[in-house]
Amino acid sequence: MESSADIRAALIIPALNEEPVIGRTLASVPAGLFAQIIVADNGSTDRTAEIARSCGAIVLSTPEPGYGSACLRAIESLSGDIEAVVFMQADSSEDPREAILLLQPIADGQADLVIGSRTLGNVEPGALLAHQRFGNALATLMMRLLFRHSFSDLGPFRAIRRSALMALDMREPRYGWTVEMQVKALRRKLRVIEVPVSYKRRAAGENKISGNLVNSAKAGATILYTVLRNAV
């Protein structure tokens, strides 16, 4: 059995105006776990990029707006020896030490894509708001009806084998990114599993999507449209 520490993995963190928290997030990443740590700066107007660089991360400027755009830009910069990629948020809501739980099934050859499920794990009170839970439930219900596969979450904390990621031909530039990955993985019959992860309220800064009902509604509509678009 190969250890998750033996697989060459990269960590990708999209970030937009995360000056209050990006340093704390990067400081909590276990030393030596990742061969590359990439912060995809999605047009920040604060010191996000400067702080991330000072913490040793590779910082990529990604002026085209959108979570997916930031992820796509970061994927382009992966070194050739990277075997797996972990995606994580910048706001310290996720525990990067749990990346080992995501990478281990890939290292063991048991999975191609591992979703960190917040709903199966330990969620701090107030971290997942009611409209987030509703949108999550609706999107996962649609996937169950369309693809006969039960997901518990669309959690952004996830790991994927690099070869599988390349095969998915990801294109979604905004918040449909996570569900596009899950739907395409099912259509291509990749091995997909979920593992429980912890989830906390953001440590500092602004909730740009979940903390704004209008933005949450737009993100939710994008997610549902992405499920339907990729079902045909």
# chains A, B, ... in the order shown; residues from 1 in each chain; ligands from 1
>>> residues_around(residues="segment 125-127 of chain A", least_positions_apart="2", cutoff="9 Å", atoms="only C-alpha atoms", output="PyMOL selection string")
chain A and resi 93+123+129-130+199-202
>>> write_last_selection(atoms="N, CA and C atoms", output="PDB file, in the first residue's frame")
ATOM      1  N   SER A  93     -11.758  27.516   6.275  1.00  0.00           N
ATOM      2  CA  SER A  93     -12.938  26.749   6.684  1.00  0.00           C
ATOM      3  C   SER A  93     -12.653  25.252   6.655  1.00  0.00           C
ATOM      4  N   VAL A 123     -19.416  19.592  11.154  1.00  0.00           N
ATOM      5  CA  VAL A 123     -19.649  20.962  10.696  1.00  0.00           C
ATOM      6  C   VAL A 123     -19.852  21.872  11.905  1.00  0.00           C
ATOM      7  N   LEU A 129     -24.878  27.416   5.919  1.00  0.00           N
ATOM      8  CA  LEU A 129     -26.135  28.116   6.114  1.00  0.00           C
ATOM      9  C   LEU A 129     -27.291  27.346   5.466  1.00  0.00           C
ATOM     10  N   ALA A 130     -28.511  27.722   5.847  1.00  0.00           N
ATOM     11  CA  ALA A 130     -29.686  26.987   5.388  1.00  0.00           C
ATOM     12  C   ALA A 130     -29.790  26.969   3.867  1.00  0.00           C
ATOM     13  N   TYR A 199     -15.588  21.085   8.799  1.00  0.00           N
ATOM     14  CA  TYR A 199     -15.866  22.354   8.125  1.00  0.00           C
ATOM     15  C   TYR A 199     -16.195  23.401   9.177  1.00  0.00           C
ATOM     16  N   LYS A 200     -15.525  24.561   9.082  1.00  0.00           N
ATOM     17  CA  LYS A 200     -15.704  25.634  10.057  1.00  0.00           C
ATOM     18  C   LYS A 200     -16.158  26.911   9.364  1.00  0.00           C
ATOM     19  N   ARG A 201     -16.635  27.843  10.155  1.00  0.00           N
ATOM     20  CA  ARG A 201     -16.895  29.172   9.615  1.00  0.00           C
ATOM     21  C   ARG A 201     -15.567  29.794   9.195  1.00  0.00           C
ATOM     22  N   ARG A 202     -15.628  30.636   8.176  1.00  0.00           N
ATOM     23  CA  ARG A 202     -14.381  31.253   7.712  1.00  0.00           C
ATOM     24  C   ARG A 202     -13.712  31.998   8.857  1.00  0.00           C
TER      25      ARG A 202
END
>>> closest_residue(among="A:Gln36, A:Thr48, A:Thr140, A:Ser150", to="Asn17 of chain A", atoms="only C-alpha atoms")
A:Thr48
>>> closest_residue(among="A:Gly23, A:Gly155, A:Gly68, A:Pro63", to="Val195 of chain A", atoms="only C-alpha atoms")
A:Gly155
>>> closest_atom_pairs(of="segment 134-168 of chain A", to="segment 179-183 of chain A", cutoff="10 Å", atoms="only C-alpha atoms", output="tab-separated table")
residue	atom	partner	partner_atom	distance
A:Ala139	CA	A:Val179	CA	8.2
A:Thr140	CA	A:Val179	CA	9.0
A:Met143	CA	A:Val183	CA	7.4
A:Leu146	CA	A:Val183	CA	9.6
A:Phe147	CA	A:Val183	CA	8.1
A:His149	CA	A:Val183	CA	9.7
A:Phe151	CA	A:Gln182	CA	9.0
A:Asp153	CA	A:Val179	CA	9.5
A:Leu154	CA	A:Val179	CA	6.3
A:Gly155	CA	A:Val179	CA	9.1
A:Pro156	CA	A:Val179	CA	9.2
A:Ile160	CA	A:Met181	CA	9.6
A:Leu165	CA	A:Met181	CA	8.2
A:Leu168	CA	A:Met181	CA	7.1
>>> closest_residue(among="A:Ala137, A:Ala185, A:Val85, A:Cys71", to="Pro173 of chain A", atoms="only C-alpha atoms")
A:Cys71
>>> closest_residue(among="A:Ala84, A:Leu101, A:Ala35, A:Ala15", to="Ser61 of chain A", atoms="only C-alpha atoms")
A:Ala15
>>> closest_residue(among="A:Asp41, A:Asp112, A:Asp169, A:Glu206", to="Ile193 of chain A", atoms="only C-alpha atoms")
A:Asp112
>>> residues_around(residues="Gln110 of chain A", least_positions_apart="3", cutoff="10 Å", atoms="only C-alpha atoms", output="PyMOL selection string")
chain A and resi 104-107+113-114+191-193
>>> residues_around(residues="Arg162 of chain A", least_positions_apart="4", cutoff="12 Å", atoms="only C-alpha atoms", output="VMD selection string")
chain A and resid 7 to 11 75 to 76 78 to 87 103 106 to 107 111 to 113 166 to 169
>>> select_by_dssp(residues="segment 22-195 of chain A", states="helix (DSSP H, G or I)", output="JSON, numbers by chain")
{"A": [22, 23, 24, 25, 26, 27, 48, 49, 50, 51, 52, 53, 54, 67, 68, 69, 70, 71, 72, 73, 74, 75, 76, 96, 97, 98, 99, 100, 101, 102, 103, 104, 105, 106, 107, 130, 131, 132, 133, 134, 135, 136, 137, 138, 139, 140, 141, 142, 143, 144, 145, 146, 147, 162, 163, 164, 165, 166, 167, 168, 177, 178, 179, 180, 181, 182, 183, 184, 185, 186, 187]}
>>> write_last_selection(atoms="C-alpha atoms", output="PDB file, in the first residue's frame")
ATOM      1  CA  ILE A  22      -4.566  33.537   3.448  1.00  0.00           C
ATOM      2  CA  GLY A  23      -1.465  33.566   5.663  1.00  0.00           C
ATOM      3  CA  ARG A  24      -3.229  31.542   8.348  1.00  0.00           C
ATOM      4  CA  THR A  25      -4.491  29.059   5.765  1.00  0.00           C
ATOM      5  CA  LEU A  26      -1.051  28.488   4.240  1.00  0.00           C
ATOM      6  CA  ALA A  27       0.620  28.253   7.639  1.00  0.00           C
ATOM      7  CA  THR A  48      -3.448  38.416  -0.875  1.00  0.00           C
ATOM      8  CA  ALA A  49      -0.756  37.715  -3.484  1.00  0.00           C
ATOM      9  CA  GLU A  50       2.027  39.355  -1.461  1.00  0.00           C
ATOM     10  CA  ILE A  51       1.206  37.397   1.700  1.00  0.00           C
ATOM     11  CA  ALA A  52       0.828  34.107  -0.179  1.00  0.00           C
ATOM     12  CA  ARG A  53       4.234  34.612  -1.814  1.00  0.00           C
ATOM     13  CA  SER A  54       5.832  35.365   1.536  1.00  0.00           C
ATOM     14  CA  TYR A  67     -13.628  30.167  -9.174  1.00  0.00           C
ATOM     15  CA  GLY A  68     -13.335  27.778 -12.115  1.00  0.00           C
ATOM     16  CA  SER A  69     -11.170  30.222 -14.068  1.00  0.00           C
ATOM     17  CA  ALA A  70      -8.746  30.380 -11.160  1.00  0.00           C
ATOM     18  CA  CYS A  71      -8.604  26.578 -10.925  1.00  0.00           C
ATOM     19  CA  LEU A  72      -8.052  26.197 -14.677  1.00  0.00           C
ATOM     20  CA  ARG A  73      -5.206  28.694 -14.627  1.00  0.00           C
ATOM     21  CA  ALA A  74      -3.540  26.844 -11.759  1.00  0.00           C
ATOM     22  CA  ILE A  75      -3.868  23.477 -13.507  1.00  0.00           C
ATOM     23  CA  GLU A  76      -1.918  24.864 -16.452  1.00  0.00           C
ATOM     24  CA  PRO A  96      -5.511  21.079   5.177  1.00  0.00           C
ATOM     25  CA  ARG A  97      -4.238  18.300   7.453  1.00  0.00           C
ATOM     26  CA  GLU A  98      -7.269  16.311   6.279  1.00  0.00           C
ATOM     27  CA  ALA A  99      -5.901  16.374   2.732  1.00  0.00           C
ATOM     28  CA  ILE A 100      -4.220  13.102   3.700  1.00  0.00           C
ATOM     29  CA  LEU A 101      -7.697  11.546   3.987  1.00  0.00           C
ATOM     30  CA  LEU A 102      -8.460  12.679   0.441  1.00  0.00           C
ATOM     31  CA  LEU A 103      -5.178  11.537  -1.066  1.00  0.00           C
ATOM     32  CA  GLN A 104      -4.980   8.112   0.557  1.00  0.00           C
ATOM     33  CA  PRO A 105      -7.673   6.411  -1.592  1.00  0.00           C
ATOM     34  CA  ILE A 106      -5.907   7.716  -4.690  1.00  0.00           C
ATOM     35  CA  ALA A 107      -2.537   6.491  -3.450  1.00  0.00           C
ATOM     36  CA  ALA A 130     -29.686  26.987   5.388  1.00  0.00           C
ATOM     37  CA  HIS A 131     -29.648  28.134   1.760  1.00  0.00           C
ATOM     38  CA  GLN A 132     -26.332  26.317   1.231  1.00  0.00           C
ATOM     39  CA  ARG A 133     -27.786  23.082   2.602  1.00  0.00           C
ATOM     40  CA  PHE A 134     -30.881  23.460   0.427  1.00  0.00           C
ATOM     41  CA  GLY A 135     -28.880  24.095  -2.734  1.00  0.00           C
ATOM     42  CA  ASN A 136     -26.589  21.188  -1.921  1.00  0.00           C
ATOM     43  CA  ALA A 137     -29.545  18.865  -1.424  1.00  0.00           C
ATOM     44  CA  LEU A 138     -31.219  19.964  -4.650  1.00  0.00           C
ATOM     45  CA  ALA A 139     -28.082  19.539  -6.775  1.00  0.00           C
ATOM     46  CA  THR A 140     -27.258  16.127  -5.313  1.00  0.00           C
ATOM     47  CA  LEU A 141     -30.883  15.027  -5.825  1.00  0.00           C
ATOM     48  CA  MET A 142     -30.662  16.010  -9.493  1.00  0.00           C
ATOM     49  CA  MET A 143     -27.480  13.981  -9.902  1.00  0.00           C
ATOM     50  CA  ARG A 144     -29.070  10.998  -8.183  1.00  0.00           C
ATOM     51  CA  LEU A 145     -32.057  11.142 -10.546  1.00  0.00           C
ATOM     52  CA  LEU A 146     -29.997  11.719 -13.682  1.00  0.00           C
ATOM     53  CA  PHE A 147     -26.947   9.545 -12.978  1.00  0.00           C
ATOM     54  CA  ARG A 162      -4.110  14.131 -12.391  1.00  0.00           C
ATOM     55  CA  SER A 163      -4.725  11.806 -15.334  1.00  0.00           C
ATOM     56  CA  ALA A 164      -8.424  11.748 -14.430  1.00  0.00           C
ATOM     57  CA  LEU A 165      -8.530  15.537 -14.148  1.00  0.00           C
ATOM     58  CA  MET A 166      -7.052  15.931 -17.624  1.00  0.00           C
ATOM     59  CA  ALA A 167      -9.566  13.439 -19.037  1.00  0.00           C
ATOM     60  CA  LEU A 168     -12.493  15.487 -17.693  1.00  0.00           C
ATOM     61  CA  TRP A 177     -16.788  23.983 -11.307  1.00  0.00           C
ATOM     62  CA  THR A 178     -17.255  21.493  -8.475  1.00  0.00           C
ATOM     63  CA  VAL A 179     -20.448  19.950  -9.815  1.00  0.00           C
ATOM     64  CA  GLU A 180     -19.059  19.844 -13.358  1.00  0.00           C
ATOM     65  CA  MET A 181     -16.203  17.715 -12.043  1.00  0.00           C
ATOM     66  CA  GLN A 182     -18.581  15.340 -10.272  1.00  0.00           C
ATOM     67  CA  VAL A 183     -20.967  14.987 -13.221  1.00  0.00           C
ATOM     68  CA  LYS A 184     -18.192  14.458 -15.751  1.00  0.00           C
ATOM     69  CA  ALA A 185     -16.533  11.923 -13.469  1.00  0.00           C
ATOM     70  CA  LEU A 186     -19.771   9.921 -13.379  1.00  0.00           C
ATOM     71  CA  ARG A 187     -20.249  10.133 -17.143  1.00  0.00           C
TER      72      ARG A 187
END
>>> atom_distance(atom1="atom CA of Met88 of chain A", atom2="atom CA of Asn230 of chain A")
23.5 Å
>>> select_by_dssp(residues="segment 4-231 of chain A", states="strand (DSSP E or B)", output="ChimeraX atom specification")
/A:9-15,36-41,58-61,84-87,113-117,123,158-161,192-196,199
>>> write_last_selection(atoms="N, CA and C atoms", output="CSV table (one decimal), in the first residue's frame")
chain,number,residue,atom,x,y,z
A,9,ALA,N,1.8,15.3,-4.9
A,9,ALA,CA,0.5,16.1,-5.0
A,9,ALA,C,0.7,17.6,-5.0
A,10,ALA,N,-0.2,18.3,-5.7
A,10,ALA,CA,-0.2,19.7,-5.7
A,10,ALA,C,-1.4,20.2,-4.9
A,11,LEU,N,-1.3,21.3,-4.3
A,11,LEU,CA,-2.5,22.0,-3.6
A,11,LEU,C,-2.8,23.3,-4.4
A,12,ILE,N,-4.0,23.4,-4.8
A,12,ILE,CA,-4.5,24.6,-5.5
A,12,ILE,C,-5.5,25.3,-4.7
A,13,ILE,N,-5.3,26.6,-4.4
A,13,ILE,CA,-6.1,27.4,-3.6
A,13,ILE,C,-6.5,28.7,-4.4
A,14,PRO,N,-7.8,28.7,-4.9
A,14,PRO,CA,-8.2,30.0,-5.5
A,14,PRO,C,-8.5,31.0,-4.5
A,15,ALA,N,-8.2,32.3,-4.7
A,15,ALA,CA,-8.3,33.3,-3.7
A,15,ALA,C,-8.6,34.6,-4.3
A,36,GLN,N,3.8,21.0,-4.7
A,36,GLN,CA,3.5,22.3,-5.2
A,36,GLN,C,2.3,22.9,-4.4
A,37,ILE,N,2.4,24.1,-4.0
A,37,ILE,CA,1.3,24.9,-3.4
A,37,ILE,C,1.1,26.1,-4.3
A,38,ILE,N,-0.1,26.1,-4.9
A,38,ILE,CA,-0.4,27.2,-5.9
A,38,ILE,C,-1.6,28.0,-5.4
A,39,VAL,N,-1.4,29.3,-5.3
A,39,VAL,CA,-2.5,30.2,-5.0
A,39,VAL,C,-2.9,30.9,-6.3
A,40,ALA,N,-4.1,30.7,-6.7
A,40,ALA,CA,-4.6,31.3,-8.0
A,40,ALA,C,-5.3,32.6,-7.6
A,41,ASP,N,-4.6,33.7,-7.7
A,41,ASP,CA,-5.1,35.0,-7.2
A,41,ASP,C,-6.1,35.5,-8.3
A,58,ILE,N,3.4,29.4,-4.7
A,58,ILE,CA,3.4,29.9,-6.1
A,58,ILE,C,2.2,30.7,-6.3
A,59,VAL,N,2.3,32.0,-6.7
A,59,VAL,CA,1.1,32.8,-6.9
A,59,VAL,C,0.9,33.1,-8.4
A,60,LEU,N,-0.2,32.8,-8.9
A,60,LEU,CA,-0.6,33.0,-10.3
A,60,LEU,C,-1.7,34.1,-10.4
A,61,SER,N,-1.5,35.1,-11.2
A,61,SER,CA,-2.5,36.1,-11.4
A,61,SER,C,-3.5,35.5,-12.4
A,84,ALA,N,-1.4,13.9,-8.4
A,84,ALA,CA,-2.7,14.2,-7.8
A,84,ALA,C,-2.8,15.6,-7.4
A,85,VAL,N,-4.1,16.1,-7.5
A,85,VAL,CA,-4.3,17.6,-7.2
A,85,VAL,C,-5.4,17.7,-6.1
A,86,VAL,N,-5.1,18.5,-5.1
A,86,VAL,CA,-6.1,18.8,-4.0
A,86,VAL,C,-6.5,20.2,-4.2
A,87,PHE,N,-7.8,20.5,-4.2
A,87,PHE,CA,-8.4,21.8,-4.3
A,87,PHE,C,-9.0,22.2,-2.9
A,113,LEU,N,-11.3,10.1,-7.9
A,113,LEU,CA,-11.8,11.4,-7.4
A,113,LEU,C,-12.3,11.2,-6.0
A,114,VAL,N,-11.9,12.0,-5.1
A,114,VAL,CA,-12.3,11.9,-3.7
A,114,VAL,C,-12.9,13.2,-3.2
A,115,ILE,N,-14.2,13.2,-2.9
A,115,ILE,CA,-14.9,14.4,-2.4
A,115,ILE,C,-14.8,14.5,-0.9
A,116,GLY,N,-14.4,15.6,-0.4
A,116,GLY,CA,-14.5,15.8,1.1
A,116,GLY,C,-15.9,16.3,1.4
A,117,SER,N,-16.6,15.4,2.1
A,117,SER,CA,-18.0,15.7,2.4
A,117,SER,C,-18.1,16.4,3.7
A,123,VAL,N,-19.4,19.6,11.2
A,123,VAL,CA,-19.6,21.0,10.7
A,123,VAL,C,-19.9,21.9,11.9
A,158,ARG,N,-11.3,18.7,-2.2
A,158,ARG,CA,-11.4,17.4,-2.9
A,158,ARG,C,-10.0,17.1,-3.5
A,159,ALA,N,-9.8,15.8,-3.8
A,159,ALA,CA,-8.6,15.4,-4.5
A,159,ALA,C,-8.9,14.6,-5.7
A,160,ILE,N,-8.1,14.7,-6.7
A,160,ILE,CA,-8.3,14.0,-8.0
A,160,ILE,C,-7.0,13.6,-8.6
A,161,ARG,N,-7.0,12.4,-9.1
A,161,ARG,CA,-5.8,11.9,-9.9
A,161,ARG,C,-5.6,12.8,-11.1
A,192,VAL,N,-15.3,7.2,-7.9
A,192,VAL,CA,-15.6,8.4,-7.1
A,192,VAL,C,-16.0,8.0,-5.7
A,193,ILE,N,-15.4,8.5,-4.7
A,193,ILE,CA,-15.8,8.2,-3.3
A,193,ILE,C,-15.9,9.5,-2.6
A,194,GLU,N,-16.6,9.4,-1.4
A,194,GLU,CA,-16.6,10.6,-0.5
A,194,GLU,C,-16.0,10.2,0.8
A,195,VAL,N,-15.3,11.1,1.5
A,195,VAL,CA,-14.8,10.9,2.8
A,195,VAL,C,-15.2,12.1,3.7
A,196,PRO,N,-15.6,11.8,5.0
A,196,PRO,CA,-16.0,12.9,5.8
A,196,PRO,C,-14.8,13.9,6.1
A,199,TYR,N,-15.6,21.1,8.8
A,199,TYR,CA,-15.9,22.4,8.1
A,199,TYR,C,-16.2,23.4,9.2
